[in-house]
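For reference, structure36.txt is printed below; it contains compact mmCIF, C-alpha atoms.
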```txt
# COMPACT_ATOMS: atom_id res chain seq x y z
CA MET E 1 -6.55 -13.53 26.46
CA SER E 2 -9.91 -12.41 27.79
CA ALA E 3 -12.41 -10.59 25.61
CA THR E 4 -12.16 -7.49 27.80
CA SER E 5 -8.39 -7.19 27.36
CA ALA E 6 -8.15 -7.89 23.62
CA VAL E 7 -8.56 -4.18 22.80
CA PRO E 8 -7.10 -1.74 25.32
CA ASP E 9 -9.37 1.10 26.38
CA VAL E 10 -8.47 4.78 25.99
CA ALA E 11 -9.60 7.88 27.83
CA GLU E 12 -10.79 9.77 24.72
CA ALA E 13 -12.24 8.80 21.36
CA ASN E 14 -9.99 9.10 18.30
CA LEU E 15 -12.14 10.75 15.62
CA PHE E 16 -9.17 11.34 13.30
CA PRO E 17 -9.59 15.15 13.25
CA ASP E 18 -6.84 15.63 10.66
CA ALA E 19 -8.75 13.47 8.18
CA PHE E 20 -12.20 14.61 9.31
CA PRO E 21 -11.85 18.26 10.39
CA PRO E 22 -15.05 19.31 12.22
CA GLY E 23 -15.63 22.43 10.12
CA ASP E 24 -14.68 21.24 6.65
CA PHE E 25 -14.87 18.42 4.15
CA PRO E 26 -12.77 15.29 4.76
CA ALA E 27 -9.08 15.98 4.18
CA PHE E 28 -6.36 13.89 2.57
CA VAL E 29 -3.67 12.87 5.05
CA TRP E 30 -0.71 11.52 3.11
CA GLU E 31 1.72 8.85 4.13
CA LYS E 32 3.67 9.97 1.07
CA ARG E 33 2.58 13.05 -0.87
CA PRO E 34 2.31 12.36 -4.64
CA ALA E 35 5.22 13.95 -6.45
CA ASP E 36 3.09 15.20 -9.35
CA LEU E 37 0.30 16.78 -7.31
CA PRO E 38 -0.23 20.32 -8.65
CA VAL E 39 0.08 23.34 -6.39
CA GLN E 40 -3.45 24.41 -7.36
CA ALA E 41 -6.36 22.79 -9.14
CA TRP E 42 -9.68 24.12 -10.40
CA THR E 43 -12.70 23.30 -12.54
CA THR E 44 -14.25 24.53 -15.78
CA GLU E 45 -17.91 24.33 -16.78
CA THR E 46 -19.69 22.89 -19.81
CA THR E 47 -23.37 23.09 -18.83
CA HIS E 48 -24.17 25.51 -21.65
CA ARG E 49 -22.50 23.14 -24.11
CA ASP E 50 -22.41 19.50 -23.01
CA GLY E 51 -25.21 19.88 -20.48
CA GLN E 52 -27.48 21.38 -23.08
CA GLN E 53 -26.35 18.78 -25.61
CA GLY E 54 -27.38 16.15 -23.06
CA GLY E 55 -30.98 17.39 -22.98
CA LEU E 56 -31.01 20.32 -20.56
CA PRO E 57 -33.61 22.75 -21.98
CA LEU E 58 -32.05 26.21 -21.84
CA THR E 59 -33.63 29.48 -22.79
CA VAL E 60 -31.50 32.60 -22.77
CA GLU E 61 -33.00 33.53 -19.40
CA THR E 62 -32.35 30.18 -17.74
CA GLY E 63 -28.91 29.90 -19.32
CA LEU E 64 -27.88 33.24 -17.85
CA ARG E 65 -29.44 32.38 -14.49
CA ILE E 66 -27.28 29.25 -14.40
CA TYR E 67 -24.23 31.35 -15.30
CA ASP E 68 -25.09 33.78 -12.48
CA LEU E 69 -25.31 30.86 -10.02
CA MET E 70 -21.89 29.69 -11.18
CA GLY E 71 -20.58 33.07 -10.07
CA GLU E 72 -22.35 32.85 -6.71
CA PHE E 73 -20.87 29.40 -6.23
CA THR E 74 -17.23 30.21 -7.02
CA GLY E 75 -17.06 33.79 -5.75
CA THR E 76 -13.42 34.82 -5.29
CA THR E 77 -12.12 31.28 -4.71
CA GLY E 78 -11.01 30.45 -8.25
CA ALA E 79 -12.64 27.03 -7.87
CA LEU E 80 -14.62 27.46 -11.12
CA ARG E 81 -12.81 29.53 -13.72
CA GLN E 82 -14.42 29.15 -17.14
CA ALA E 83 -17.72 28.21 -18.81
CA GLU E 84 -17.99 27.23 -22.46
CA PHE E 85 -20.84 28.13 -24.81
CA PHE E 86 -22.15 26.98 -28.16
CA VAL E 87 -22.21 29.64 -30.91
CA TYR E 88 -24.39 28.11 -33.63
CA ARG E 89 -27.94 29.14 -32.65
CA PRO E 90 -29.18 32.67 -31.93
CA ALA E 91 -30.16 31.69 -28.37
CA ASP E 92 -26.67 30.35 -27.69
CA ARG E 93 -25.10 33.51 -29.04
CA ALA E 94 -27.39 35.58 -26.83
CA MET E 95 -26.37 33.53 -23.78
CA LEU E 96 -22.72 34.05 -24.66
CA GLU E 97 -23.18 37.78 -25.17
CA GLY E 98 -24.97 38.10 -21.82
CA ALA E 99 -22.23 36.14 -20.09
CA LEU E 100 -19.49 38.23 -21.70
CA GLU E 101 -21.20 41.40 -20.55
CA ARG E 102 -21.37 40.07 -16.98
CA TRP E 103 -17.75 38.89 -17.10
CA ARG E 104 -16.54 42.31 -18.23
CA GLY E 105 -18.49 43.70 -15.26
CA GLY E 106 -16.65 41.49 -12.77
CA HIS E 107 -18.30 38.05 -12.95
CA PRO E 108 -15.59 35.55 -11.88
CA VAL E 109 -16.25 32.88 -14.56
CA GLU E 110 -14.70 33.56 -17.98
CA PRO E 111 -16.90 32.65 -20.97
CA THR E 112 -15.25 30.61 -23.72
CA THR E 113 -16.63 28.95 -26.85
CA TRP E 114 -16.69 25.51 -28.44
CA ILE E 115 -16.31 24.85 -32.15
CA ARG E 116 -15.52 22.05 -34.55
CA ALA E 117 -11.87 22.13 -35.58
CA THR E 118 -12.46 23.69 -39.00
CA ARG E 119 -11.31 26.97 -40.50
CA GLN E 120 -14.93 27.99 -41.09
CA ASP E 121 -15.78 27.60 -37.39
CA ALA E 122 -12.58 29.36 -36.39
CA ALA E 123 -13.72 32.37 -38.43
CA LEU E 124 -17.08 32.22 -36.64
CA VAL E 125 -15.57 32.90 -33.19
CA ALA E 126 -12.76 35.24 -34.22
CA HIS E 127 -14.66 38.43 -33.38
CA LEU E 128 -17.06 37.39 -30.58
CA GLY E 129 -14.99 38.87 -27.76
CA VAL E 130 -13.73 35.64 -26.18
CA ARG E 131 -10.07 34.97 -25.44
CA GLU E 132 -10.20 31.20 -25.79
CA THR E 133 -12.10 28.60 -27.77
CA GLY E 134 -12.41 24.87 -27.43
CA MET E 135 -11.96 22.85 -30.62
CA LEU E 136 -13.26 19.34 -31.19
CA ALA E 137 -10.32 17.16 -32.21
CA SER E 138 -11.53 13.57 -32.31
CA ALA E 139 -8.51 11.40 -31.53
CA SER E 140 -9.42 7.72 -31.65
CA ASP E 141 -9.44 5.55 -34.75
CA TYR E 142 -13.11 4.96 -33.97
CA HIS E 143 -13.52 8.57 -35.10
CA THR E 144 -10.69 9.36 -37.49
CA PHE E 145 -11.39 6.31 -39.64
CA HIS E 146 -15.18 6.45 -39.54
CA LYS E 147 -16.19 10.10 -39.08
CA PHE E 148 -14.31 11.62 -42.02
CA THR E 149 -14.36 11.02 -45.77
CA PRO E 150 -11.74 10.03 -46.67
CA GLY E 151 -10.88 8.69 -43.24
CA GLY E 152 -7.59 8.27 -41.46
CA ARG E 153 -5.31 9.85 -38.90
CA ALA E 154 -3.28 12.12 -41.19
CA GLN E 155 -6.34 13.65 -42.84
CA ALA E 156 -7.94 14.37 -39.46
CA ALA E 157 -4.77 15.85 -37.96
CA GLY E 158 -4.24 18.07 -41.00
CA ALA E 159 -7.75 19.49 -40.77
CA TYR E 160 -7.38 20.16 -37.04
CA LEU E 161 -4.02 21.87 -37.45
CA GLY E 162 -5.42 24.16 -40.14
CA ALA E 163 -8.15 25.26 -37.72
CA VAL E 164 -5.61 25.73 -34.90
CA ALA E 165 -3.61 28.04 -37.17
CA ALA E 166 -6.75 30.09 -37.91
CA VAL E 167 -7.56 30.41 -34.21
CA LEU E 168 -4.01 31.47 -33.38
CA ASP E 169 -4.03 34.00 -36.22
CA ALA E 170 -7.25 35.45 -34.79
CA GLY E 171 -5.44 36.13 -31.50
CA LEU E 172 -7.25 33.44 -29.50
CA ARG E 173 -5.99 30.59 -27.34
CA PRO E 174 -6.91 27.18 -28.80
CA ARG E 175 -8.10 24.46 -26.43
CA LEU E 176 -7.89 21.08 -28.14
CA HIS E 177 -10.58 18.65 -27.02
CA LEU E 178 -9.02 15.24 -27.64
CA GLU E 179 -12.30 13.40 -28.06
CA ASP E 180 -12.33 9.70 -27.16
CA ALA E 181 -8.76 9.93 -25.85
CA THR E 182 -9.19 6.83 -23.66
CA ARG E 183 -9.64 4.77 -26.85
CA ALA E 184 -7.07 6.68 -28.93
CA PRO E 185 -3.61 5.52 -30.07
CA ARG E 186 -0.58 7.19 -28.58
CA GLU E 187 0.75 7.33 -32.18
CA PHE E 188 -1.94 9.93 -32.91
CA ILE E 189 -2.16 11.89 -29.67
CA LEU E 190 1.53 12.51 -28.92
CA PRO E 191 2.59 13.60 -32.44
CA PHE E 192 -0.53 15.75 -32.76
CA VAL E 193 0.13 17.47 -29.42
CA GLU E 194 3.72 18.13 -30.49
CA ALA E 195 2.56 19.57 -33.82
CA VAL E 196 0.11 21.93 -32.09
CA GLN E 197 2.82 23.12 -29.70
CA THR E 198 5.22 23.71 -32.59
CA LEU E 199 2.58 25.67 -34.48
CA ALA E 200 1.92 27.87 -31.44
CA ALA E 201 5.55 28.41 -30.46
CA ASP E 202 5.87 31.81 -32.18
CA PHE E 203 2.68 33.22 -30.65
CA PRO E 204 2.38 35.05 -27.30
CA ALA E 205 2.36 33.01 -24.08
CA GLU E 206 -1.29 33.86 -23.44
CA GLN E 207 -2.14 31.88 -26.59
CA ALA E 208 -0.29 28.74 -25.49
CA PRO E 209 -2.62 25.86 -26.38
CA LYS E 210 -4.55 23.86 -23.81
CA PHE E 211 -5.28 20.18 -24.18
CA ARG E 212 -8.40 18.48 -22.83
CA LEU E 213 -8.25 14.72 -22.35
CA CYS E 214 -11.77 13.45 -22.98
CA ASP E 215 -12.93 10.14 -21.54
CA THR E 216 -15.87 10.39 -23.91
CA MET E 217 -17.33 6.94 -23.32
CA GLY E 218 -16.39 6.69 -19.64
CA VAL E 219 -14.01 3.76 -20.17
CA GLY E 220 -10.92 5.32 -18.56
CA LEU E 221 -9.52 3.76 -15.40
CA PRO E 222 -7.99 5.55 -12.40
CA LEU E 223 -5.09 3.08 -12.27
CA GLU E 224 -1.39 3.62 -12.90
CA GLN E 225 -0.68 0.03 -13.88
CA VAL E 226 -3.14 -0.19 -16.81
CA ALA E 227 -1.80 0.06 -20.35
CA TRP E 228 -2.48 2.96 -22.72
CA PRO E 229 -5.10 4.16 -23.58
CA ARG E 230 -7.30 3.33 -20.56
CA SER E 231 -5.04 4.60 -17.77
CA VAL E 232 -6.14 8.17 -16.99
CA PRO E 233 -3.11 8.98 -14.81
CA GLY E 234 -0.78 7.28 -17.31
CA MET E 235 -2.06 9.40 -20.20
CA ALA E 236 -1.89 12.59 -18.12
CA ARG E 237 1.73 11.84 -17.20
CA GLU E 238 2.69 11.17 -20.82
CA LEU E 239 1.25 14.51 -21.95
CA ARG E 240 3.10 16.29 -19.19
CA ALA E 241 6.29 14.50 -20.20
CA ALA E 242 5.58 15.70 -23.76
CA GLY E 243 5.83 19.29 -22.54
CA VAL E 244 2.23 20.16 -21.65
CA PRO E 245 2.25 22.08 -18.33
CA GLY E 246 -0.25 20.87 -15.76
CA GLU E 247 -2.09 24.19 -15.83
CA LEU E 248 -2.74 23.75 -19.57
CA LEU E 249 -4.07 20.20 -19.18
CA GLU E 250 -7.75 19.44 -18.52
CA PHE E 251 -9.64 16.21 -17.95
CA HIS E 252 -13.21 15.78 -19.23
CA PRO E 253 -14.84 12.46 -18.25
CA HIS E 254 -18.27 10.86 -18.56
CA ASN E 255 -19.86 8.51 -16.04
CA ASP E 256 -20.79 5.51 -18.17
CA THR E 257 -18.98 3.01 -15.94
CA HIS E 258 -19.34 4.71 -12.51
CA LEU E 259 -15.69 5.86 -12.27
CA ILE E 260 -16.08 9.54 -12.98
CA VAL E 261 -14.92 11.18 -9.73
CA ALA E 262 -12.24 8.54 -9.17
CA ASN E 263 -10.89 9.29 -12.64
CA CYS E 264 -10.94 13.04 -11.90
CA LEU E 265 -8.84 12.49 -8.79
CA ALA E 266 -6.47 10.19 -10.65
CA ALA E 267 -5.92 12.87 -13.29
CA VAL E 268 -5.20 15.51 -10.65
CA LEU E 269 -2.80 13.25 -8.75
CA ALA E 270 -0.93 12.80 -12.04
CA GLY E 271 -0.50 16.57 -12.43
CA CYS E 272 -3.58 17.65 -14.40
CA ALA E 273 -4.71 20.96 -12.87
CA ALA E 274 -8.21 21.38 -14.37
CA ILE E 275 -11.32 19.22 -14.31
CA ASN E 276 -14.06 19.99 -16.84
CA GLY E 277 -17.64 19.01 -16.12
CA THR E 278 -20.97 20.39 -14.95
CA LEU E 279 -22.37 21.43 -11.61
CA LEU E 280 -24.80 18.68 -10.53
CA GLY E 281 -23.45 16.40 -13.26
CA LYS E 282 -25.71 17.32 -16.19
CA GLY E 283 -24.63 15.97 -19.56
CA GLU E 284 -24.96 13.27 -22.17
CA ARG E 285 -26.02 9.75 -21.24
CA SER E 286 -25.01 9.19 -17.59
CA GLY E 287 -23.61 12.71 -17.28
CA ASN E 288 -20.44 14.78 -17.06
CA ALA E 289 -18.16 15.07 -14.07
CA PRO E 290 -20.20 16.50 -11.16
CA LEU E 291 -17.98 19.44 -10.33
CA GLU E 292 -19.33 19.77 -6.79
CA GLY E 293 -18.16 16.20 -6.11
CA ALA E 294 -14.74 16.78 -7.67
CA LEU E 295 -14.35 20.06 -5.77
CA LEU E 296 -15.28 18.49 -2.44
CA HIS E 297 -12.17 16.34 -2.85
CA LEU E 298 -10.02 19.13 -4.30
CA VAL E 299 -10.80 21.09 -1.13
CA GLY E 300 -9.79 18.03 0.86
CA LEU E 301 -6.55 17.89 -1.10
CA GLY E 302 -5.83 21.49 -0.13
CA LEU E 303 -5.62 22.54 -3.79
CA VAL E 304 -8.49 25.04 -3.83
CA GLU E 305 -10.38 27.29 -1.44
CA ARG E 306 -13.83 26.00 -0.58
CA PRO E 307 -16.50 27.65 -2.76
CA ASN E 308 -20.06 28.47 -1.70
CA PHE E 309 -21.64 25.02 -1.79
CA PRO E 310 -25.02 26.21 -0.37
CA ALA E 311 -25.50 28.26 -3.58
CA LEU E 312 -26.05 25.00 -5.47
CA ASN E 313 -29.33 24.45 -3.65
CA SER E 314 -30.74 27.21 -5.87
CA LEU E 315 -29.34 25.44 -8.93
CA ALA E 316 -30.99 22.17 -7.86
CA GLU E 317 -34.31 24.03 -7.46
CA LEU E 318 -33.91 25.60 -10.90
CA TYR E 319 -33.31 22.20 -12.51
CA GLY E 320 -36.35 20.85 -10.69
CA ALA E 321 -38.48 23.64 -12.16
CA LEU E 322 -37.17 22.70 -15.62
CA GLY E 323 -38.23 19.09 -15.13
CA GLN E 324 -34.54 18.12 -14.85
CA GLY E 325 -34.23 17.77 -11.09
CA VAL E 326 -31.49 15.66 -9.60
CA PRO E 327 -32.53 12.14 -8.49
CA ALA E 328 -33.72 11.81 -4.90
CA LYS E 329 -30.60 9.88 -3.89
CA TYR E 330 -28.14 11.98 -5.89
CA PRO E 331 -25.07 12.63 -3.67
CA LEU E 332 -24.95 15.89 -1.71
CA TYR E 333 -28.00 17.60 -3.27
CA GLY E 334 -30.62 14.90 -3.75
CA ARG E 335 -33.78 15.11 -1.65
CA ASP E 336 -32.82 11.95 0.24
CA ALA E 337 -29.04 12.36 0.19
CA HIS E 338 -28.97 13.17 3.91
CA ARG E 339 -32.16 11.43 4.97
CA THR E 340 -32.27 8.33 7.13
CA ARG E 341 -35.18 5.96 7.57
CA ALA E 342 -33.49 3.51 9.93
CA GLY E 343 -34.28 3.80 13.61
CA ILE E 344 -30.75 2.89 14.68
CA HIS E 345 -29.36 5.70 12.49
CA ALA E 346 -31.86 8.20 13.87
CA ASP E 347 -30.89 7.15 17.39
CA GLY E 348 -27.24 7.73 16.47
CA LEU E 349 -28.07 11.18 15.08
CA ASN E 350 -29.77 12.04 18.36
CA LYS E 351 -26.86 10.88 20.48
CA PHE E 352 -23.96 12.24 18.36
CA TRP E 353 -24.89 13.47 14.89
CA PRO E 354 -21.41 13.03 13.32
CA MET E 355 -21.94 9.29 13.82
CA TYR E 356 -24.17 9.22 10.73
CA ALA E 357 -23.00 12.26 8.76
CA PRO E 358 -19.85 12.37 6.57
CA PHE E 359 -19.27 16.04 7.50
CA ASP E 360 -21.23 19.02 8.84
CA VAL E 361 -23.91 18.90 6.16
CA PRO E 362 -26.06 21.82 7.39
CA ARG E 363 -23.07 24.15 7.66
CA LEU E 364 -21.18 23.15 4.51
CA LEU E 365 -24.08 22.44 2.14
CA GLY E 366 -26.94 24.41 3.68
CA ARG E 367 -29.05 21.24 3.77
CA PRO E 368 -30.62 19.57 6.80
CA LEU E 369 -29.96 16.12 8.14
CA GLU E 370 -33.40 14.60 7.67
CA VAL E 371 -35.35 11.64 9.00
CA SER E 372 -38.36 10.12 7.27
CA LEU E 373 -40.46 7.99 9.56
CA THR E 374 -41.18 4.41 8.60
CA LYS E 375 -42.17 1.36 10.60
CA ASP E 376 -38.43 0.93 11.35
CA SER E 377 -37.69 4.49 12.50
CA GLY E 378 -38.63 4.06 16.15
CA LEU E 379 -38.99 6.78 18.75
CA ALA E 380 -35.51 8.07 17.92
CA GLY E 381 -36.57 9.10 14.43
CA LEU E 382 -39.58 11.02 15.71
CA ILE E 383 -37.50 12.79 18.36
CA PHE E 384 -34.85 13.78 15.81
CA LEU E 385 -37.47 15.11 13.41
CA ILE E 386 -39.12 17.20 16.13
CA LYS E 387 -35.78 18.60 17.27
CA GLY E 388 -34.64 19.38 13.71
CA HIS E 389 -37.76 21.38 12.86
CA THR E 390 -38.67 22.95 16.21
CA GLY E 391 -35.46 23.02 18.23
CA ARG E 392 -37.21 21.15 21.06
CA GLU E 393 -35.53 17.99 22.28
CA LEU E 394 -38.05 15.69 23.93
CA ASP E 395 -37.39 12.57 25.96
CA LYS E 396 -38.30 9.10 24.72
CA HIS E 397 -40.61 8.78 27.72
CA HIS E 398 -42.53 11.98 26.97
CA PRO E 399 -46.20 10.91 26.93
CA GLY E 400 -47.04 13.02 23.87
CA VAL E 401 -44.13 11.57 21.89
CA GLN E 402 -45.12 8.06 22.87
CA ALA E 403 -48.75 8.69 21.91
CA LEU E 404 -47.82 10.10 18.51
CA HIS E 405 -45.40 7.24 17.89
CA ALA E 406 -48.14 4.77 18.76
CA GLU E 407 -50.53 6.46 16.31
CA LEU E 408 -47.94 6.21 13.52
CA GLY E 409 -47.24 2.60 14.40
CA ALA E 410 -50.93 1.80 14.09
CA GLU E 411 -50.96 3.33 10.60
CA PHE E 412 -48.05 1.15 9.49
CA ASP E 413 -49.61 -1.93 11.09
CA ALA E 414 -52.76 -1.18 9.10
CA GLY E 415 -50.79 -1.40 5.88
CA ARG E 416 -49.32 2.05 5.24
CA GLN E 417 -46.31 1.76 2.88
CA THR E 418 -45.26 5.40 2.43
CA ALA E 419 -42.93 7.21 4.82
CA VAL E 420 -44.19 9.99 7.08
CA GLU E 421 -42.60 13.35 6.33
CA TRP E 422 -42.47 16.47 8.48
CA GLU E 423 -45.15 18.26 6.44
CA GLU E 424 -47.67 15.64 7.51
CA LEU E 425 -46.64 15.78 11.15
CA GLU E 426 -46.14 19.51 11.62
CA SER E 427 -49.58 20.43 12.96
CA ARG E 428 -49.73 17.38 15.22
CA VAL E 429 -46.28 18.12 16.67
CA HIS E 430 -47.11 21.76 17.36
CA ALA E 431 -50.28 20.67 19.11
CA LEU E 432 -48.22 18.25 21.18
CA LEU E 433 -45.75 21.00 22.10
CA ARG E 434 -48.51 23.37 23.16
CA GLU E 435 -49.68 20.75 25.63
CA THR E 436 -46.18 20.30 27.05
```
Render the structure in this file as structure tokens.
Amino acid sequence: MSATSAVPDVAEANLFPDAFPPGDFPAFVWEKRPADLPVQAWTTETTHRDGQQGGLPLTVETGLRIYDLMGEFTGTTGALRQAEFFVYRPADRAMLEGALERWRGGHPVEPTTWIRATRQDAALVAHLGVRETGMLASASDYHTFHKFTPGGRAQAAGAYLGAVAAVLDAGLRPRLHLEDATRAPREFILPFVEAVQTLAADFPAEQAPKFRLCDTMGVGLPLEQVAWPRSVPGMARELRAAGVPGELLEFHPHNDTHLIVANCLAAVLAGCAAINGTLLGKGERSGNAPLEGALLHLVGLGLVERPNFPALNSLAELYGALGQGVPAKYPLYGRDAHRTRAGIHADGLNKFWPMYAPFDVPRLLGRPLEVSLTKDSGLAGLIFLIKGHTGRELDKHHPGVQALHAELGAEFDAGRQTAVEWEELESRVHALLRET
């Protein structure tokens, strides 16, 4: 067989438009749709709790600005439904009060609280005006045997159930945060979940308890075949089999072992409807679930309407002003997330930009496809940069382009190590265009 006949030619390119729709994020095309996939999925926010706990410096003003941006992001889509707040410091209470006032005025994100699972803390939130509170219920023997005095599973479960009763009596919905679930014994989690459900059975449906599976140390795995407790989809399925509806089940992971978004998707595919995390991934250690990344895929799954992703550019700027900016190569919103420095990539962007873009970045994220010029960028990089910032598309043989490229090449040959950005070139390019 000759080399020319090994692969038959076709009249038109196959760009797999079902999987890569031109105007949206990549879509999931199933060979067999998962049986447990929920009809809808959504996210909930913990920036004011876990993000702040992870070192994000929040004043009342910045905390409420972040809450306002959450509303701009989700709009009417239902993609982001709740945000949880601490209640222990005056500043946290002020943030919560400001958020509640906005929510009563039509803000789309419902404020909730977070407490330790004690009767004293339950009394603290009983009259704050929230409808739901999270409750820390450490589930692994790492915690129940070593956090409490005296330690042990029964003592911990008894304390948690007393607090659940107080929250129910106060007319609130309890949300049990099963801390360290991916290192917890099934002999604790399943009986405890059943006891909470039994306790709540005589209360109104709007107080039906939620359960949050917490991959606190980021050791969960997105694999069906792995034994309890590390299988995220396996644990989600067991809780659903124990009578927890998918809409009352949340997954809260951390990114310690790089599996955070994969674990979020595994939880959803197993029937868990809600992912808890933070926009732009703020949180303890390596961070919470980056909700923008999870939502990109939930949109692709067809489980949620696409929210206003460009609004998160303002959030990234706010974090930068706080000294907590996202890393340059952070996916989607990092300074260099859509920047190429390779000449062959820049040439591809010039010829057919989808060649080197995962989706329509400018339209969907409100961010440009950028080129930084290095000694490897070639003429293609310079042409792309000029077109992106001026709208003028110049030929590789344009004498002004060639002269400018030669000047930059001489700088690199002389030892320059830093890339050339548009800000440095702007005046020289406009001078070049005036001469054209």
Give me the residues of region 74-187 of chain E that have any atom at most 6 Å from an atom of region 29-47 of chain E; for each, the nearest atom pair and the distance in Å, rounded to one decimal. Use only C-alpha atoms, sort by chain and number, and format it as a Markdown table.
```
| residue | atom | partner | partner_atom | distance |
| --- | --- | --- | --- | --- |
| E:Ala79 | CA | E:Trp42 | CA | 4.9 |
| E:Leu80 | CA | E:Thr43 | CA | 4.8 |
| E:Arg81 | CA | E:Thr44 | CA | 5.6 |
| E:Gln82 | CA | E:Thr44 | CA | 4.8 |
| E:Ala83 | CA | E:Glu45 | CA | 4.4 |
| E:Glu84 | CA | E:Thr46 | CA | 5.4 |
```
Extract, using all atoms listed in the file, all DNA, RNA and protein residues at most 12 Å from Pro362 (chain E), discarding same-chain residues fewer than 4 positions from it, and format them as number ranges by chain. E: 23-24, 309-310, 313, 332-333, 338, 353-354, 357-358, 366-370, 388
Each region 10-31 of chain E residue no farther than 8 Å from region 295-302 of chain E, nearest pair in Å, all atoms listed in the file, as a Markdown table:
```
| residue | atom | partner | partner_atom | distance |
| --- | --- | --- | --- | --- |
| E:Phe25 | CA | E:Gly300 | CA | 6.1 |
| E:Pro26 | CA | E:Gly300 | CA | 5.6 |
| E:Ala27 | CA | E:Gly300 | CA | 4.0 |
| E:Phe28 | CA | E:Leu301 | CA | 5.4 |
```
Restricting to only C-alpha atoms, whichever of E:Arg186, E:Arg89, E:His430, E:Arg175 is closest to Glu238 (chain E) is E:Arg186
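Atom to atom, CA of Thr257 (chain E) and CA of Lys329 (chain E) stand 18.1 Å apart.
Counting all atoms listed in the file and comparing E:Gly106, E:Gly287, E:Gly320, E:Pro185, the residue that lies closest to Gln52 (chain E) is E:Gly287.
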Residue nearest Leu221 (chain E) - candidates E:Ala137, E:Ala262, E:Val361, E:Leu249, atoms counted: only C-alpha atoms: E:Ala262
Excluding same-chain residues fewer than 5 positions from Pro327 (chain E), what lies within 12 Å of it counting all atoms listed in the file, as a PyMOL selection string? chain E and resi 280-282+316+319-320+332-337
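Of the residues listed (E:Phe384, E:Phe211, E:Phe148, E:Phe203), E:Phe211 shows the shortest atom-to-atom separation from His177 (chain E); distances use only C-alpha atoms.
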Residues at most 9 Å from region 110-123 of chain E, counting all atoms listed in the file, excluding those fewer than 6 positions away in the same chain, as a PyMOL selection string? chain E and resi 49+81-88+96+99-100+103-104+130-137+159-167+170+175-176
So which residues fall inside 12 Å of (-24.5, 14.7, -22.8) if we count only C-alpha atoms? Mind giving them as number ranges by chain? E: 46-56, 216-218, 252-256, 277-278, 281-289
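By only C-alpha atoms, and with residues fewer than 4 positions from Gly381 (chain E) along its chain excluded, the set lying at most 9 Å from it is Thr340, Arg341, Ala342, Gly343, Ile344, His345, Ala346, Asp347, Leu349, Asn350, Val371, Ser372, Leu373, Thr374, Asp376, Ser377, Leu385 and Ile386 of chain E.
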Report the distance between CA of Leu248 (chain E) and CA of Ala236 (chain E) in Å, rounded to one decimal place. 11.3 Å
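Across the model, the gap from CA of Glu206 (chain E) to CA of Asp92 (chain E) is 26.0 Å.
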Nearest residue to Gly234 (chain E) from the set E:Ala270, E:Leu382, E:Cys214, E:Ile260 (distances using all atoms listed in the file): E:Ala270
Select, from E:Gly400, E:Leu269, E:Asp360, E:Ala156, the residue with the minimum atom-to-atom distance to Leu303 (chain E), counting only C-alpha atoms. E:Leu269
